[in-house]
file work_11.pdb (PDB, C-alpha atoms)
ATOM      1  CA  GLY W 932      14.696  40.102  46.370
ATOM      2  CA  GLY W 933      11.859  41.392  44.262
ATOM      3  CA  VAL W 934      13.431  44.743  43.415
ATOM      4  CA  GLY W 935      13.964  44.126  39.696
ATOM      5  CA  LYS W 936      17.629  43.080  39.624
ATOM      6  CA  THR W 937      17.075  40.525  36.853
ATOM      7  CA  THR W 938      14.982  42.886  34.728
ATOM      8  CA  VAL W 939      17.578  45.624  35.065
ATOM      9  CA  SER W 940      20.383  43.151  34.325
ATOM     10  CA  ALA W 941      18.697  41.782  31.175
ATOM     11  CA  ASN W 942      17.880  45.249  29.862
ATOM     12  CA  LEU W 943      21.359  46.535  30.642
ATOM     13  CA  VAL W 944      22.946  43.578  28.839
ATOM     14  CA  GLY W 945      20.812  44.300  25.758
ATOM     15  CA  ALA W 946      21.402  48.046  25.799
ATOM     16  CA  LEU W 947      25.173  47.743  26.209
ATOM     17  CA  ALA W 948      25.350  45.113  23.458
ATOM     18  CA  ASP W 949      23.294  47.400  21.189
ATOM     19  CA  HIS W 950      25.981  50.040  21.726
ATOM     20  CA  GLY W 951      28.620  47.641  20.418
ATOM     21  CA  LEU W 952      30.129  46.541  23.712
ATOM     22  CA  ASP W 953      31.208  42.953  24.362
ATOM     23  CA  VAL W 954      29.143  41.917  27.365
ATOM     24  CA  LEU W 955      29.414  38.990  29.747
ATOM     25  CA  ALA W 956      26.299  38.326  31.792
ATOM     26  CA  VAL W 957      26.685  36.284  34.977
ATOM     27  CA  ASP W 958      23.554  34.776  36.475
ATOM     28  CA  ALA W 959      24.504  34.201  40.105
ATOM     29  CA  ASP W 960      20.876  33.963  41.209
ATOM     30  CA  PRO W 961      19.799  30.370  41.959
ATOM     31  CA  GLN W 962      16.390  31.118  40.404
ATOM     32  CA  GLY W 963      18.069  31.331  36.982
ATOM     33  CA  ASN W 964      15.768  33.978  35.541
ATOM     34  CA  LEU W 965      18.541  35.812  33.662
ATOM     35  CA  THR W 966      19.671  32.495  32.184
ATOM     36  CA  GLU W 967      16.120  31.948  30.947
ATOM     37  CA  ALA W 968      15.690  35.543  29.755
ATOM     38  CA  LEU W 969      18.833  35.269  27.626
ATOM     39  CA  GLY W 970      17.552  32.041  26.040
ATOM     40  CA  HIS W 971      19.686  29.426  27.786
ATOM     41  CA  LEU W 972      17.195  27.607  30.008
ATOM     42  CA  ASP W 973      18.747  24.255  29.076
ATOM     43  CA  ALA W 974      21.997  25.383  30.743
ATOM     44  CA  TYR W 975      20.134  25.838  34.041
ATOM     45  CA  GLU W 976      19.618  22.076  34.301
ATOM     46  CA  ALA W 977      23.014  21.073  32.879
ATOM     47  CA  GLU W 978      25.226  18.517  34.532
ATOM     48  CA  PRO W 979      28.326  19.683  36.424
ATOM     49  CA  PRO W 980      30.484  21.556  36.131
ATOM     50  CA  THR W 981      28.181  24.482  36.805
ATOM     51  CA  LEU W 982      28.794  27.988  38.097
ATOM     52  CA  PHE W 983      28.549  26.509  41.603
ATOM     53  CA  ASP W 984      31.465  24.155  40.871
ATOM     54  CA  VAL W 985      33.507  26.823  39.117
ATOM     55  CA  LEU W 986      33.174  29.165  42.089
ATOM     56  CA  LEU W 987      33.753  26.689  44.881
ATOM     57  CA  ASP W 988      35.973  23.967  43.484
ATOM     58  CA  ILE W 989      39.393  25.333  42.574
ATOM     59  CA  GLU W 990      39.969  22.153  40.539
ATOM     60  CA  ALA W 991      36.937  23.008  38.373
ATOM     61  CA  ARG W 992      37.705  26.716  38.030
ATOM     62  CA  ASP W 993      39.638  26.238  34.787
ATOM     63  CA  GLU W 994      36.501  24.669  33.294
ATOM     64  CA  VAL W 995      34.665  28.006  33.353
ATOM     65  CA  ALA W 996      34.853  28.249  29.546
ATOM     66  CA  THR W 997      32.964  24.956  29.220
ATOM     67  CA  ILE W 998      29.867  26.429  30.879
ATOM     68  CA  LEU W 999      30.012  29.715  28.964
ATOM     69  CA  CYS W1000      26.978  30.144  26.710
ATOM     70  CA  GLU W1001      27.684  32.258  23.661
ATOM     71  CA  GLY W1002      24.858  34.489  22.513
ATOM     72  CA  ALA W1003      24.089  36.920  19.729
ATOM     73  CA  GLU W1004      23.950  39.875  22.116
ATOM     74  CA  ALA W1005      26.086  38.707  25.011
ATOM     75  CA  ASP W1006      27.803  35.690  26.479
ATOM     76  CA  LEU W1007      26.440  34.174  29.678
ATOM     77  CA  LEU W1008      27.752  32.298  32.677
ATOM     78  CA  PRO W1009      24.450  30.611  33.480
ATOM     79  CA  SER W1010      22.972  29.882  36.842
ATOM     80  CA  SER W1011      21.974  26.371  37.744
ATOM     81  CA  ILE W1012      19.866  24.593  40.288
ATOM     82  CA  ASP W1013      23.140  23.852  42.097
ATOM     83  CA  MET W1014      23.437  27.544  43.016
ATOM     84  CA  LEU W1015      20.782  26.956  45.702
ATOM     85  CA  GLY W1016      23.629  25.746  47.924
ATOM     86  CA  SER W1017      25.883  28.670  47.125
ATOM     87  CA  THR W1018      24.982  30.958  50.021
ATOM     88  CA  LEU W1019      26.199  28.558  52.702
ATOM     89  CA  GLU W1020      29.270  27.558  50.700
ATOM     90  CA  LEU W1021      30.238  31.132  49.808
ATOM     91  CA  SER W1022      29.650  32.341  53.362
ATOM     92  CA  ALA W1023      31.873  29.534  54.625
ATOM     93  CA  ALA W1024      34.547  30.351  52.014
ATOM     94  CA  HIS W1025      34.469  34.010  53.014
ATOM     95  CA  PHE W1026      34.736  33.243  56.727
ATOM     96  CA  LEU W1027      37.425  30.610  56.137
ATOM     97  CA  GLY W1028      39.458  33.139  54.167
ATOM     98  CA  GLN W1029      39.159  35.676  56.971
ATOM     99  CA  LEU W1030      39.994  33.014  59.535
ATOM    100  CA  HIS W1031      43.173  31.929  57.776
ATOM    101  CA  ASN W1032      44.142  35.534  57.113
ATOM    102  CA  GLY W1033      44.105  36.243  60.864
ATOM    103  CA  ASP W1034      41.118  38.600  60.699
ATOM    104  CA  VAL W1035      39.032  36.597  63.193
ATOM    105  CA  VAL W1036      41.267  35.048  65.861
ATOM    106  CA  ASP W1037      44.979  34.567  66.485
ATOM    107  CA  ASP W1038      44.714  31.259  68.346
ATOM    108  CA  PRO W1039      45.853  28.381  66.055
ATOM    109  CA  ASP W1040      43.705  25.879  67.975
ATOM    110  CA  ALA W1041      40.605  28.035  67.439
ATOM    111  CA  VAL W1042      41.440  28.403  63.748
ATOM    112  CA  GLU W1043      41.813  24.621  63.429
ATOM    113  CA  ALA W1044      38.528  23.959  65.257
ATOM    114  CA  ALA W1045      36.608  26.533  63.220
ATOM    115  CA  THR W1046      38.125  25.212  59.977
ATOM    116  CA  TRP W1047      37.015  21.689  60.861
ATOM    117  CA  ALA W1048      33.495  22.913  61.684
ATOM    118  CA  LEU W1049      33.171  24.842  58.413
ATOM    119  CA  GLU W1050      34.480  21.963  56.325
ATOM    120  CA  SER W1051      32.071  19.519  57.985
ATOM    121  CA  MET W1052      29.067  21.719  57.063
ATOM    122  CA  THR W1053      29.951  22.301  53.427
ATOM    123  CA  GLN W1054      30.490  20.277  50.261
ATOM    124  CA  LEU W1055      33.477  21.971  48.678
ATOM    125  CA  VAL W1056      34.960  24.577  50.993
ATOM    126  CA  THR W1057      38.470  23.957  52.300
ATOM    127  CA  PRO W1058      41.421  26.319  52.621
ATOM    128  CA  ALA W1059      42.583  24.991  49.227
ATOM    129  CA  THR W1060      39.310  25.804  47.446
ATOM    130  CA  ILE W1061      39.559  29.482  48.186
ATOM    131  CA  GLY W1062      43.115  29.579  46.871
ATOM    132  CA  SER W1063      45.430  32.330  47.964
ATOM    133  CA  ASP W1064      42.660  34.910  48.235
ATOM    134  CA  ASP W1065      42.075  36.204  51.731
ATOM    135  CA  HIS W1066      38.295  36.182  51.422
ATOM    136  CA  GLY W1067      35.428  34.727  49.399
ATOM    137  CA  TYR W1068      34.912  37.829  47.271
ATOM    138  CA  GLY W1069      37.671  36.911  44.842
ATOM    139  CA  LEU W1070      36.095  33.626  43.730
ATOM    140  CA  LEU W1071      33.937  35.152  40.980
ATOM    141  CA  ASP W1072      36.760  37.465  39.865
ATOM    142  CA  ASP W1073      39.118  34.510  39.642
ATOM    143  CA  ALA W1074      36.631  32.476  37.599
ATOM    144  CA  ILE W1075      35.972  35.310  35.142
ATOM    145  CA  ALA W1076      39.705  35.983  34.765
ATOM    146  CA  ARG W1077      40.109  32.437  33.431
ATOM    147  CA  ILE W1078      37.897  33.142  30.405
ATOM    148  CA  ASP W1079      39.988  33.854  27.310
ATOM    149  CA  THR W1080      37.626  36.493  25.926
ATOM    150  CA  ASN W1081      38.104  40.066  27.087
ATOM    151  CA  TYR W1082      34.752  41.703  27.793
ATOM    152  CA  ASP W1083      34.085  45.405  27.916
ATOM    153  CA  VAL W1084      31.481  44.949  30.645
ATOM    154  CA  VAL W1085      30.451  42.208  33.061
ATOM    155  CA  ILE W1086      26.888  42.358  34.391
ATOM    156  CA  VAL W1087      26.130  40.172  37.419
ATOM    157  CA  ASP W1088      22.568  39.315  38.372
ATOM    158  CA  ALA W1089      23.024  38.845  42.104
ATOM    159  CA  PRO W1090      20.974  36.511  44.267
ATOM    160  CA  PRO W1091      18.415  37.968  46.666
ATOM    161  CA  GLY W1092      19.650  39.003  50.073
ATOM    162  CA  HIS W1093      23.219  39.284  51.305
ATOM    163  CA  ASN W1094      25.698  37.012  49.591
ATOM    164  CA  PRO W1095      29.387  37.113  50.461
ATOM    165  CA  MET W1096      30.352  36.770  46.802
ATOM    166  CA  PHE W1097      29.428  40.437  46.283
ATOM    167  CA  LYS W1098      30.905  43.467  47.974
TER     168      LYS W1098
END
call {"tool": "encode", "arguments": {"input": "work_11.pdb", "output": "structure tokens"}}
result
Amino acid sequence: GGVGKTTVSANLVGALADHGLDVLAVDADPQGNLTEALGHLDAYEAEPPTLFDVLLDIEARDEVATILCEGAEADLLPSSIDMLGSTLELSAAHFLGQLHNGDVVDDPDAVEAATWALESMTQLVTPATIGSDDHGYGLLDDAIARIDTNYDVVIVDAPPGHNPMFK
């Protein structure tokens, strides 16, 4: 945190849009500063579904277009206060994907026990919520792929610290 990711993201969105590119900005930072900078502060406090739901609830993933904020320069998938819980959920989704892909252990009893433990600590993460992907990284890709508009560039303002949503 504190290295200027949001400032770089906002300026990059503007510069690329000025060059005629169709840009999608994704504010994955729970602080929501890119959402505010692009003029969509009201979206930060919106009711679900939010980016959190779209990422972690496979049933809500098709609703990604409903949270999309259209802008003069760029479109935005806004952050929300709900994203504060994303680190735990996304870490669990990533580990659960690895677990069910056989990357962690081969013992079915251990997989079952670990799955139960992860599901009991999270709100939305189950083997079904991560879909057929073998890790948590594909959740954002899958959500963006469900938007009908084709963008030339996607700029993601990442949260501070390590987050398993980003490689």
call {"tool": "residues_around", "arguments": {"input": "work_11.pdb", "residues": "Ala946 (chain W)", "least_positions_apart": "5", "cutoff": "12 Å", "atoms": "only C-alpha atoms", "output": "list in words"}}
result
Val939, Ser940, Ala941, Gly951, Leu952, Asp953, Val954, Glu1004, Ala1005, Val1084 and Ile1086 of chain W
call {"tool": "closest_residue", "arguments": {"input": "work_11.pdb", "among": "W:Ala1003, W:Val985, W:Met1052, W:Ala991", "to": "His971 (chain W)", "atoms": "all atoms listed in the file"}}
result
W:Ala1003
call {"tool": "closest_residue", "arguments": {"input": "work_11.pdb", "among": "W:Lys936, W:Asp1006, W:Leu1019, W:Glu967", "to": "Asp1083 (chain W)", "atoms": "only C-alpha atoms"}}
result
W:Asp1006
call {"tool": "residues_around", "arguments": {"input": "work_11.pdb", "residues": "region 964-966 of chain W", "least_positions_apart": "4", "cutoff": "6 Å", "atoms": "all atoms listed in the file", "output": "list in words"}}
result
Thr937, Asp958, His971, Leu972 and Pro1009 of chain W
call {"tool": "atom_distance", "arguments": {"input": "work_11.pdb", "atom1": "CA of Glu1043 (chain W)", "atom2": "CA of Phe983 (chain W)"}}
result
25.6 Å
call {"tool": "axis_aligned_box", "arguments": {"input": "work_11.pdb", "around": "region 1022-1031 of chain W", "padding_each_side": "4 Å", "output": "AutoDock Vina command-line options"}}
result
--center_x 36.4 --center_y 32.6 --center_z 55.8 --size_x 21.5 --size_y 14.1 --size_z 15.5
call {"tool": "closest_residue", "arguments": {"input": "work_11.pdb", "among": "W:Val1087, W:Ala968, W:Val944, W:Leu1008", "to": "Thr981 (chain W)", "atoms": "all atoms listed in the file"}}
result
W:Leu1008
call {"tool": "closest_residue", "arguments": {"input": "work_11.pdb", "among": "W:Leu1070, W:Ile1075, W:Ala977, W:Leu943", "to": "Ile1012 (chain W)", "atoms": "all atoms listed in the file"}}
result
W:Ala977
call {"tool": "atom_distance", "arguments": {"input": "work_11.pdb", "atom1": "CA of Leu955 (chain W)", "atom2": "CA of Tyr1082 (chain W)"}}
result
6.3 Å
call {"tool": "atom_distance", "arguments": {"input": "work_11.pdb", "atom1": "CA of Ala1024 (chain W)", "atom2": "CA of Gly933 (chain W)"}}
result
26.4 Å
call {"tool": "resolve_selection", "arguments": {"input": "work_11.pdb", "expression": "the PyMOL selection byres ((chain W and resi 993) around 12)", "output": "count of residues only"}}
result
25
call {"tool": "closest_residue", "arguments": {"input": "work_11.pdb", "among": "W:Gly1002, W:Asp1034, W:Asp1072, W:Gln962", "to": "Ala948 (chain W)", "atoms": "only C-alpha atoms"}}
result
W:Gly1002
call {"tool": "closest_residue", "arguments": {"input": "work_11.pdb", "among": "W:Ala959, W:Ala1089, W:Leu1021, W:Leu1030", "to": "Gly1069 (chain W)", "atoms": "all atoms listed in the file"}}
result
W:Leu1021
call {"tool": "resolve_selection", "arguments": {"input": "work_11.pdb", "expression": "the PyMOL selection byres ((chain W and resi 976) around 9)", "output": "ChimeraX atom specification"}}
result
/W:972-975,977-978,1010-1013
